[in-house]
>>> print(open('my_file-v3.cif').read())   # mmCIF, C-alpha atoms and all ligand atoms
data_work
loop_
_atom_site.label_atom_id
_atom_site.label_comp_id
_atom_site.auth_asym_id
_atom_site.auth_seq_id
_atom_site.Cartn_x
_atom_site.Cartn_y
_atom_site.Cartn_z
CA MET C 19 -16.34 -7.45 22.43
CA GLU C 20 -13.69 -5.69 24.51
CA ALA C 21 -11.60 -8.87 24.59
CA ILE C 22 -11.63 -9.08 20.76
CA LYS C 23 -10.84 -5.38 20.44
CA HIS C 24 -7.63 -5.77 22.39
CA GLN C 25 -6.36 -8.87 20.60
CA ASP C 26 -3.19 -8.56 18.54
CA PRO C 27 -4.28 -6.99 15.20
CA LYS C 28 -1.91 -9.25 13.24
CA ARG C 29 -3.53 -12.33 14.78
CA LYS C 30 -6.99 -10.99 14.07
CA LYS C 31 -6.10 -10.43 10.40
CA ALA C 32 -4.61 -13.92 10.12
CA THR C 33 -7.81 -15.44 11.55
CA ALA C 34 -9.95 -13.37 9.20
CA ARG C 35 -7.79 -14.37 6.24
CA SER C 36 -8.23 -18.08 7.09
CA LYS C 37 -12.00 -17.57 7.21
CA LEU C 38 -11.93 -15.77 3.85
CA ILE C 39 -9.88 -18.59 2.29
CA GLU C 40 -12.33 -21.12 3.72
CA SER C 41 -15.28 -19.24 2.28
CA GLY C 42 -13.63 -19.25 -1.15
CA VAL C 43 -13.27 -15.49 -1.67
CA TRP C 44 -9.53 -15.17 -0.90
CA LYS C 45 -7.05 -16.97 -3.13
CA ASP C 46 -3.28 -16.99 -2.51
CA HIS C 47 -1.44 -17.64 -5.79
CA SER C 48 2.02 -19.21 -6.02
CA ASP C 49 3.52 -15.96 -7.42
CA GLN C 50 2.78 -14.15 -4.09
CA SER C 51 -0.29 -12.47 -5.52
CA VAL C 52 -3.66 -12.53 -3.80
CA GLU C 53 -6.92 -12.57 -5.70
CA ILE C 54 -10.06 -11.49 -3.87
CA ALA C 55 -13.29 -12.62 -5.56
CA PRO C 56 -15.17 -9.81 -7.35
CA TYR C 57 -18.20 -8.07 -5.91
CA GLU C 58 -20.69 -5.54 -7.24
CA LEU C 59 -20.49 -1.91 -6.17
CA PRO C 60 -22.83 0.92 -7.19
CA MET C 61 -20.83 3.95 -8.33
CA LYS C 62 -21.98 7.46 -9.08
CA VAL C 63 -21.00 8.71 -12.51
CA ASN C 64 -22.39 12.13 -13.45
CA ASP C 65 -25.16 11.77 -10.83
CA LYS C 66 -26.35 8.45 -12.27
CA VAL C 67 -25.59 5.17 -10.51
CA TYR C 68 -23.92 2.26 -12.33
CA ASN C 69 -23.11 -1.17 -10.95
CA PHE C 70 -19.40 -1.79 -11.42
CA GLN C 71 -17.69 -5.06 -10.62
CA VAL C 72 -14.75 -4.66 -8.24
CA SER C 73 -11.88 -7.18 -8.35
CA PRO C 74 -9.19 -6.56 -5.70
CA TRP C 75 -5.64 -7.80 -6.25
CA ILE C 76 -2.63 -7.70 -3.94
CA PHE C 77 1.00 -8.31 -4.96
CA ASN C 78 3.88 -9.17 -2.62
CA GLN C 79 1.50 -9.31 0.30
CA GLY C 80 2.97 -8.59 3.71
CA SER C 81 6.32 -7.32 2.38
CA ASP C 82 7.67 -3.78 1.96
CA GLU C 83 6.87 -4.18 -1.73
CA GLU C 84 3.16 -4.77 -1.11
CA ASP C 85 1.08 -3.35 -3.91
CA MET C 86 -2.72 -3.25 -3.97
CA TYR C 87 -5.16 -2.69 -6.82
CA PHE C 88 -8.91 -2.18 -6.89
CA VAL C 89 -9.95 -3.04 -10.44
CA ALA C 90 -13.41 -1.65 -11.25
CA SER C 91 -14.93 -2.91 -14.49
CA TYR C 92 -18.12 -2.13 -16.33
CA GLY C 93 -19.62 -3.36 -19.58
CA SER C 94 -19.10 -6.36 -21.85
CA HIS C 95 -17.86 -9.51 -20.21
CA ASN C 96 -16.11 -10.44 -23.42
CA PHE C 97 -13.02 -8.30 -22.92
CA LYS C 98 -10.91 -11.07 -24.45
CA ASN C 99 -12.20 -10.38 -27.95
CA ASN C 100 -13.08 -6.70 -27.61
CA ALA C 101 -10.38 -4.30 -26.45
CA PRO C 102 -11.72 -2.53 -23.36
CA LEU C 103 -11.03 1.06 -22.39
CA VAL C 104 -8.46 1.02 -19.58
CA ARG C 105 -7.51 3.73 -17.13
CA LEU C 106 -4.48 3.01 -14.92
CA GLN C 107 -5.00 5.50 -12.11
CA SER C 108 -2.57 5.89 -9.25
CA LEU C 109 -3.79 7.17 -5.94
CA CYS C 110 -3.34 10.92 -5.60
CA PRO C 111 -3.76 11.88 -1.93
CA HIS C 112 -4.79 15.46 -2.72
CA GLY C 113 -7.03 14.74 -5.69
CA HIS C 114 -8.67 11.57 -4.48
CA TYR C 115 -8.99 12.27 -0.72
CA PHE C 116 -9.72 15.99 -0.90
CA HIS C 117 -10.98 16.64 -4.48
CA SER C 118 -8.14 19.15 -4.76
CA SER C 119 -8.21 21.17 -7.95
CA HIS C 120 -4.45 21.80 -7.77
CA CYS C 121 -4.11 18.77 -10.07
CA ASP C 122 -6.56 17.02 -12.39
CA CYS C 123 -6.30 13.44 -10.98
CA ASP C 124 -9.80 13.50 -9.54
CA GLU C 125 -11.27 14.87 -12.73
CA GLN C 126 -9.41 12.33 -14.87
CA ARG C 127 -10.81 9.46 -12.78
CA ASP C 128 -14.36 10.82 -13.18
CA LEU C 129 -13.86 11.37 -16.89
CA ALA C 130 -12.50 7.83 -17.33
CA MET C 131 -15.51 6.35 -15.52
CA GLU C 132 -17.86 8.43 -17.65
CA MET C 133 -16.19 7.21 -20.85
CA ILE C 134 -16.27 3.59 -19.64
CA VAL C 135 -20.01 3.58 -18.86
CA ASN C 136 -20.83 5.30 -22.16
CA ASP C 137 -18.66 2.98 -24.28
CA SER C 138 -20.27 0.14 -26.24
CA ILE C 139 -17.66 -2.30 -24.91
CA GLY C 140 -16.86 -0.78 -21.52
CA GLY C 141 -13.65 -1.15 -19.61
CA PHE C 142 -11.54 -1.04 -16.50
CA LEU C 143 -10.54 1.55 -13.96
CA VAL C 144 -7.44 0.09 -12.31
CA MET C 145 -6.90 2.04 -9.07
CA ALA C 146 -3.38 1.49 -7.73
CA VAL C 147 -3.80 2.44 -4.09
CA GLY C 148 -0.50 1.39 -2.49
CA GLU C 149 2.55 3.41 -1.47
CA ARG C 150 4.37 2.36 -4.63
CA HIS C 151 1.91 4.38 -6.69
CA ALA C 152 0.71 7.18 -4.40
CA GLY C 153 2.00 10.63 -5.29
CA ARG C 154 3.50 9.60 -8.63
CA GLY C 155 5.27 6.71 -6.95
CA ILE C 156 7.00 8.43 -4.00
CA GLY C 157 4.35 7.57 -1.38
CA HIS C 158 2.14 9.55 0.99
CA SER C 159 4.74 11.00 3.36
CA MET C 160 7.10 12.08 0.58
CA ILE C 161 4.39 13.70 -1.58
CA ALA C 162 3.19 15.59 1.53
CA GLY C 163 6.75 16.74 2.24
CA LEU C 164 7.31 17.61 -1.40
CA TYR C 165 4.19 19.80 -1.59
CA SER C 166 5.13 21.56 1.64
CA TYR C 167 8.65 22.10 0.27
CA GLY C 168 7.25 23.48 -3.00
CA PHE C 169 4.86 25.77 -1.14
CA LYS C 170 7.65 27.14 1.06
CA THR C 171 10.35 27.52 -1.58
CA GLY C 172 8.28 28.38 -4.66
CA ARG C 173 9.70 25.40 -6.52
CA ASP C 174 7.03 23.73 -8.65
CA VAL C 175 5.66 20.34 -7.55
CA VAL C 176 5.69 18.76 -11.01
CA THR C 177 9.40 18.72 -11.84
CA GLU C 178 11.60 21.05 -9.74
CA SER C 179 10.68 19.71 -6.28
CA PHE C 180 11.00 16.11 -7.50
CA ASN C 181 14.48 16.90 -8.84
CA ASP C 182 15.53 18.83 -5.71
CA LEU C 183 14.60 15.90 -3.49
CA GLY C 184 16.35 13.36 -5.69
CA PHE C 185 13.32 11.78 -7.32
CA HIS C 186 12.49 11.24 -10.97
CA GLN C 187 9.35 13.21 -11.77
CA ASP C 188 7.44 9.95 -12.19
CA GLU C 189 8.69 7.01 -10.15
CA ARG C 190 5.86 4.65 -11.02
CA ASP C 191 6.28 1.23 -12.57
CA PHE C 192 3.20 -0.08 -14.36
CA SER C 193 4.27 -3.72 -14.74
CA ALA C 194 2.03 -4.95 -11.91
CA SER C 195 -0.96 -3.05 -13.36
CA MET C 196 -0.40 -4.94 -16.60
CA ALA C 197 -0.06 -8.22 -14.72
CA VAL C 198 -3.47 -7.54 -13.16
CA LEU C 199 -5.02 -7.05 -16.59
CA GLN C 200 -3.37 -10.21 -17.89
CA LYS C 201 -4.64 -12.18 -14.93
CA MET C 202 -8.12 -10.90 -15.79
CA GLY C 203 -7.78 -12.25 -19.33
CA VAL C 204 -7.16 -8.94 -21.10
CA SER C 205 -4.56 -8.75 -23.88
CA ASN C 206 -5.56 -5.73 -26.00
CA ILE C 207 -6.62 -2.40 -24.58
CA ARG C 208 -7.60 1.12 -25.48
CA LEU C 209 -5.48 3.07 -23.01
CA MET C 210 -6.88 6.29 -21.57
CA THR C 211 -3.98 8.60 -20.82
CA ASN C 212 -2.25 11.88 -21.66
CA ASN C 213 1.06 10.49 -20.42
CA PRO C 214 3.27 9.16 -23.24
CA ASP C 215 5.63 7.56 -20.70
CA LYS C 216 2.82 5.34 -19.44
CA ALA C 217 1.97 4.25 -22.98
CA SER C 218 5.60 3.53 -23.86
CA GLN C 219 6.20 1.54 -20.62
CA ILE C 220 3.23 -0.64 -21.54
CA ASP C 221 4.25 -0.86 -25.18
CA SER C 222 7.80 -1.96 -24.42
CA SER C 223 6.68 -4.60 -21.92
CA ASN C 224 5.15 -6.69 -24.74
CA SER C 225 2.60 -8.10 -22.30
CA ILE C 226 -0.40 -5.95 -23.20
CA ASN C 227 -1.09 -4.49 -26.64
CA ILE C 228 -2.33 -0.94 -26.95
CA ASP C 229 -4.81 -0.78 -29.85
CA GLU C 230 -5.45 2.91 -29.29
CA VAL C 231 -4.43 5.73 -26.94
CA VAL C 232 -7.48 7.71 -25.86
CA PRO C 233 -6.75 11.18 -24.39
CA LEU C 234 -8.43 12.30 -21.17
CA ILE C 235 -8.74 16.05 -21.45
CA GLY C 236 -10.98 17.63 -18.84
CA GLN C 237 -11.90 21.25 -18.35
CA VAL C 238 -9.03 23.64 -17.80
CA THR C 239 -9.43 25.49 -14.50
CA PRO C 240 -7.27 28.35 -13.18
CA GLU C 241 -6.19 26.17 -10.20
CA SER C 242 -4.99 23.20 -12.26
CA LEU C 243 -3.58 25.29 -15.10
CA LYS C 244 -0.06 25.52 -13.64
CA GLU C 245 0.24 21.74 -13.34
CA ARG C 246 -1.09 21.23 -16.86
CA VAL C 247 1.34 23.74 -18.35
CA LEU C 248 4.24 22.00 -16.58
CA LEU C 249 3.06 18.52 -17.56
CA ALA C 250 2.62 19.67 -21.17
CA ARG C 251 6.22 20.96 -21.10
CA SER C 252 7.41 17.55 -19.95
CA GLY C 253 5.64 15.82 -22.82
CA HIS C 254 2.08 15.10 -21.64
CA ASN C 255 -0.49 15.49 -24.38
CA TYR C 256 -2.73 18.44 -23.70
CA ASP C 257 -4.33 20.75 -26.24
CA GLN C 258 -1.57 23.37 -26.42
CA HIS C 259 -3.80 25.97 -28.06
CA GLU C 260 -6.40 25.59 -25.31
CA LEU C 261 -3.68 25.87 -22.64
CA ASP C 262 -2.22 29.02 -24.24
CA GLN C 263 -5.67 30.61 -24.29
CA ALA C 264 -6.29 29.72 -20.63
CA VAL C 265 -2.87 31.12 -19.66
CA GLN C 266 -3.63 34.38 -21.48
CA GLN C 267 -6.96 34.61 -19.67
CA VAL C 268 -5.24 34.29 -16.27
CA VAL C 269 -2.64 36.89 -17.27
CA ASP C 270 -5.40 39.29 -18.39
CA GLN C 271 -7.65 38.76 -15.36
CA GLN C 272 -5.14 38.28 -12.54
CA GLY C 273 -2.14 40.14 -13.88
CA HIS C 274 0.35 37.30 -13.49
CA HIS C 275 1.42 34.14 -15.33
CA PRO C 276 0.10 30.92 -13.69
CA LEU C 277 3.69 29.65 -13.27
CA GLU C 278 4.50 32.64 -11.03
CA ARG C 279 2.10 31.56 -8.29
CA TRP C 280 1.43 28.52 -6.13
ZN ZN C 301 -3.20 14.66 -8.24
#
>>> encode(input="my_file-v3.cif", output="structure tokens")
Amino acid sequence: MEAIKHQDPKRKKATARSKLIESGVWKDHSDQSVEIAPYELPMKVNDKVYNFQVSPWIFNQGSDEEDMYFVASYGSHNFKNNAPLVRLQSLCPHGHYFHSSHCDCDEQRDLAMEMIVNDSIGGFLVMAVGERHAGRGIGHSMIAGLYSYGFKTGRDVVTESFNDLGFHQDERDFSASMAVLQKMGVSNIRLMTNNPDKASQIDSSNSINIDEVVPLIGQVTPESLKERVLLARSGHNYDQHELDQAVQQVVDQQGHHPLERW
């Protein structure tokens, strides 16, 4: 075993890949995408377990542009004729690794899964896990630096810190997510999002039709309130009345506006 452990990791991966191709579960397509055959995975949704099907896809494999997706689906297998619910979720290091309540990414993923398993048709949770999606598209190291910068300077981490560091507040490009859905035979979707930019990127691509935009509004918490207020200001669809009430509650109980604190 020691001998194998010390072999060149690149060589080991190449050998494994050949074995996976041989066994028929790894398919290299001519457009540089890789399709890994689906498998079943039990997932906990509201303390009940549901068997999702996981289909992994990789784009531009081995290059700086590599982009990986875990597509979890549940429900009808006739998604060609019935528009599935679709959540395009980008990896959020804080929300998804640490269940941070500073943002609502973790909660939105859980809510999307809950809606998918309770829907008569079902749908897809497309988890974009690569650097090109992490931290609203700026990657792990930059989102870590950006949060640290925001914490030190008091600049918010939704718009101000992105601007200060020379980034657009959302650097993500959803074209590959749509390509994944197309490859899986989906043409019409019910998109779960509060982000109008996501919906308009998909709309203008003309590759996937949005039959309906379904909002994902979770519970407002004091910790995630600041981010929600800032996202609402930049056009995300939250219930403004509910936000105003939550802000007033924080002002009454803690004596400061949520935007004044980290
Ligand atoms: Zn997040």
>>> residues_near_ligand(input="my_file-v3.cif", ligand="ligand ZN 301 (chain C)", cutoff="7 Å", atoms="all atoms listed in the file", output="list of chain:residue names")
C:Cys110, C:Pro111, C:His112, C:Gly113, C:Cys121, C:Asp122, C:Cys123, C:Asp124
>>> write_last_selection(input="my_file-v3.cif", atoms="C-alpha atoms", output="mmCIF file, keeping the file's coordinate frame")
data_model
loop_
_atom_site.group_PDB
_atom_site.id
_atom_site.type_symbol
_atom_site.label_atom_id
_atom_site.label_comp_id
_atom_site.auth_asym_id
_atom_site.auth_seq_id
_atom_site.Cartn_x
_atom_site.Cartn_y
_atom_site.Cartn_z
ATOM 1 C CA CYS C 110 -3.340 10.920 -5.600
ATOM 2 C CA PRO C 111 -3.760 11.880 -1.930
ATOM 3 C CA HIS C 112 -4.790 15.460 -2.720
ATOM 4 C CA GLY C 113 -7.030 14.740 -5.690
ATOM 5 C CA CYS C 121 -4.110 18.770 -10.070
ATOM 6 C CA ASP C 122 -6.560 17.020 -12.390
ATOM 7 C CA CYS C 123 -6.300 13.440 -10.980
ATOM 8 C CA ASP C 124 -9.800 13.500 -9.540
#
>>> residues_near_point(input="my_file-v3.cif", point="(-16.5, 7.1, -20.7)", cutoff="12 Å", atoms="only C-alpha atoms", output="count of residues only")
34
>>> atom_distance(input="my_file-v3.cif", atom1="CA of Ala101 (chain C)", atom2="CA of Asn206 (chain C)")
5.0 Å
>>> atom_distance(input="my_file-v3.cif", atom1="CA of Ser51 (chain C)", atom2="CA of Gln79 (chain C)")
6.9 Å
>>> residues_around(input="my_file-v3.cif", residues="region 179-191 of chain C", least_positions_apart="3", cutoff="9 Å", atoms="all atoms listed in the file", output="list in words")
Ser108, Arg150, His151, Ala152, Gly153, Arg154, Gly155, Ile156, Leu164, Tyr165, Tyr167, Gly168, Arg173, Asp174, Val175, Val176, Ala194, Ser195, Lys216 and Gln219 of chain C
>>> write_last_selection(input="my_file-v3.cif", atoms="C-alpha atoms", output="PDB file, in the coordinates of the input")
ATOM      1  CA  SER C 108      -2.570   5.890  -9.250  1.00  0.00           C
ATOM      2  CA  ARG C 150       4.370   2.360  -4.630  1.00  0.00           C
ATOM      3  CA  HIS C 151       1.910   4.380  -6.690  1.00  0.00           C
ATOM      4  CA  ALA C 152       0.710   7.180  -4.400  1.00  0.00           C
ATOM      5  CA  GLY C 153       2.000  10.630  -5.290  1.00  0.00           C
ATOM      6  CA  ARG C 154       3.500   9.600  -8.630  1.00  0.00           C
ATOM      7  CA  GLY C 155       5.270   6.710  -6.950  1.00  0.00           C
ATOM      8  CA  ILE C 156       7.000   8.430  -4.000  1.00  0.00           C
ATOM      9  CA  LEU C 164       7.310  17.610  -1.400  1.00  0.00           C
ATOM     10  CA  TYR C 165       4.190  19.800  -1.590  1.00  0.00           C
ATOM     11  CA  TYR C 167       8.650  22.100   0.270  1.00  0.00           C
ATOM     12  CA  GLY C 168       7.250  23.480  -3.000  1.00  0.00           C
ATOM     13  CA  ARG C 173       9.700  25.400  -6.520  1.00  0.00           C
ATOM     14  CA  ASP C 174       7.030  23.730  -8.650  1.00  0.00           C
ATOM     15  CA  VAL C 175       5.660  20.340  -7.550  1.00  0.00           C
ATOM     16  CA  VAL C 176       5.690  18.760 -11.010  1.00  0.00           C
ATOM     17  CA  ALA C 194       2.030  -4.950 -11.910  1.00  0.00           C
ATOM     18  CA  SER C 195      -0.960  -3.050 -13.360  1.00  0.00           C
ATOM     19  CA  LYS C 216       2.820   5.340 -19.440  1.00  0.00           C
ATOM     20  CA  GLN C 219       6.200   1.540 -20.620  1.00  0.00           C
TER      21      GLN C 219
END
>>> atom_distance(input="my_file-v3.cif", atom1="CA of Glu40 (chain C)", atom2="CA of Leu199 (chain C)")
25.8 Å
>>> residues_around(input="my_file-v3.cif", residues="region 261-277 of chain C", least_positions_apart="3", cutoff="9 Å", atoms="only C-alpha atoms", output="MDAnalysis selection string")
chainID C and resid 174 238:241 243:248 250 256:258 280
>>> residues_around(input="my_file-v3.cif", residues="Asn99 (chain C)", least_positions_apart="4", cutoff="12 Å", atoms="only C-alpha atoms", output="list of chain:residue names")
C:Ser94, C:His95, C:Ile139, C:Gly203, C:Val204, C:Ser205, C:Asn206, C:Ile207
>>> residues_around(input="my_file-v3.cif", residues="Asn78 (chain C)", least_positions_apart="5", cutoff="10 Å", atoms="all atoms listed in the file", output="PyMOL selection string")
chain C and resi 49-52+83-86
>>> closest_residue(input="my_file-v3.cif", among="C:Lys201, C:Val72, C:Val231, C:Ala162", to="His47 (chain C)", atoms="only C-alpha atoms")
C:Lys201
>>> residues_around(input="my_file-v3.cif", residues="Asn213 (chain C)", least_positions_apart="3", cutoff="7 Å", atoms="all atoms listed in the file", output="list in words")
Lys216, Ala217, His254 and Asn255 of chain C
>>> decode(input="my_file-v3.cif", residues="region 215-258 of chain C", atoms="C-alpha atoms", output="mmCIF file, in the first residue's frame")
data_model
loop_
_atom_site.group_PDB
_atom_site.id
_atom_site.type_symbol
_atom_site.label_atom_id
_atom_site.label_comp_id
_atom_site.auth_asym_id
_atom_site.auth_seq_id
_atom_site.Cartn_x
_atom_site.Cartn_y
_atom_site.Cartn_z
ATOM 1 C CA ASP C 215 -30.280 38.583 -12.737
ATOM 2 C CA LYS C 216 -30.181 34.786 -12.743
ATOM 3 C CA ALA C 217 -33.611 34.607 -14.374
ATOM 4 C CA SER C 218 -32.734 37.198 -17.022
ATOM 5 C CA GLN C 219 -29.389 35.492 -17.858
ATOM 6 C CA ILE C 220 -31.301 32.271 -18.469
ATOM 7 C CA ASP C 221 -34.089 34.035 -20.339
ATOM 8 C CA SER C 222 -31.743 35.833 -22.717
ATOM 9 C CA SER C 223 -29.749 32.689 -23.486
ATOM 10 C CA ASN C 224 -32.742 31.187 -25.343
ATOM 11 C CA SER C 225 -31.547 27.693 -24.439
ATOM 12 C CA ILE C 226 -33.877 26.966 -21.527
ATOM 13 C CA ASN C 227 -37.390 28.351 -21.133
ATOM 14 C CA ILE C 228 -38.552 29.576 -17.761
ATOM 15 C CA ASP C 229 -42.246 28.705 -17.368
ATOM 16 C CA GLU C 230 -42.381 30.188 -13.883
ATOM 17 C CA VAL C 231 -40.101 31.872 -11.345
ATOM 18 C CA VAL C 232 -40.675 30.393 -7.894
ATOM 19 C CA PRO C 233 -39.367 32.502 -4.969
ATOM 20 C CA LEU C 234 -37.338 30.901 -2.183
ATOM 21 C CA ILE C 235 -38.080 32.926 0.912
ATOM 22 C CA GLY C 236 -36.889 31.354 4.133
ATOM 23 C CA GLN C 237 -37.197 32.611 7.674
ATOM 24 C CA VAL C 238 -35.681 35.988 8.378
ATOM 25 C CA THR C 239 -33.082 35.743 11.155
ATOM 26 C CA PRO C 240 -31.228 38.632 12.836
ATOM 27 C CA GLU C 241 -27.886 37.251 11.520
ATOM 28 C CA SER C 242 -28.907 37.062 7.860
ATOM 29 C CA LEU C 243 -31.022 40.222 7.933
ATOM 30 C CA LYS C 244 -28.194 42.547 6.872
ATOM 31 C CA GLU C 245 -27.440 40.488 3.768
ATOM 32 C CA ARG C 246 -31.115 40.283 2.857
ATOM 33 C CA VAL C 247 -31.613 44.026 3.206
ATOM 34 C CA LEU C 248 -28.594 44.657 0.960
ATOM 35 C CA LEU C 249 -29.657 42.047 -1.601
ATOM 36 C CA ALA C 250 -33.188 43.497 -1.634
ATOM 37 C CA ARG C 251 -31.664 46.933 -2.331
ATOM 38 C CA SER C 252 -29.786 45.495 -5.290
ATOM 39 C CA GLY C 253 -32.965 44.045 -6.764
ATOM 40 C CA HIS C 254 -33.402 40.585 -5.215
ATOM 41 C CA ASN C 255 -37.019 39.715 -4.544
ATOM 42 C CA TYR C 256 -37.676 39.530 -0.838
ATOM 43 C CA ASP C 257 -40.870 40.452 0.978
ATOM 44 C CA GLN C 258 -40.065 44.111 1.688
#
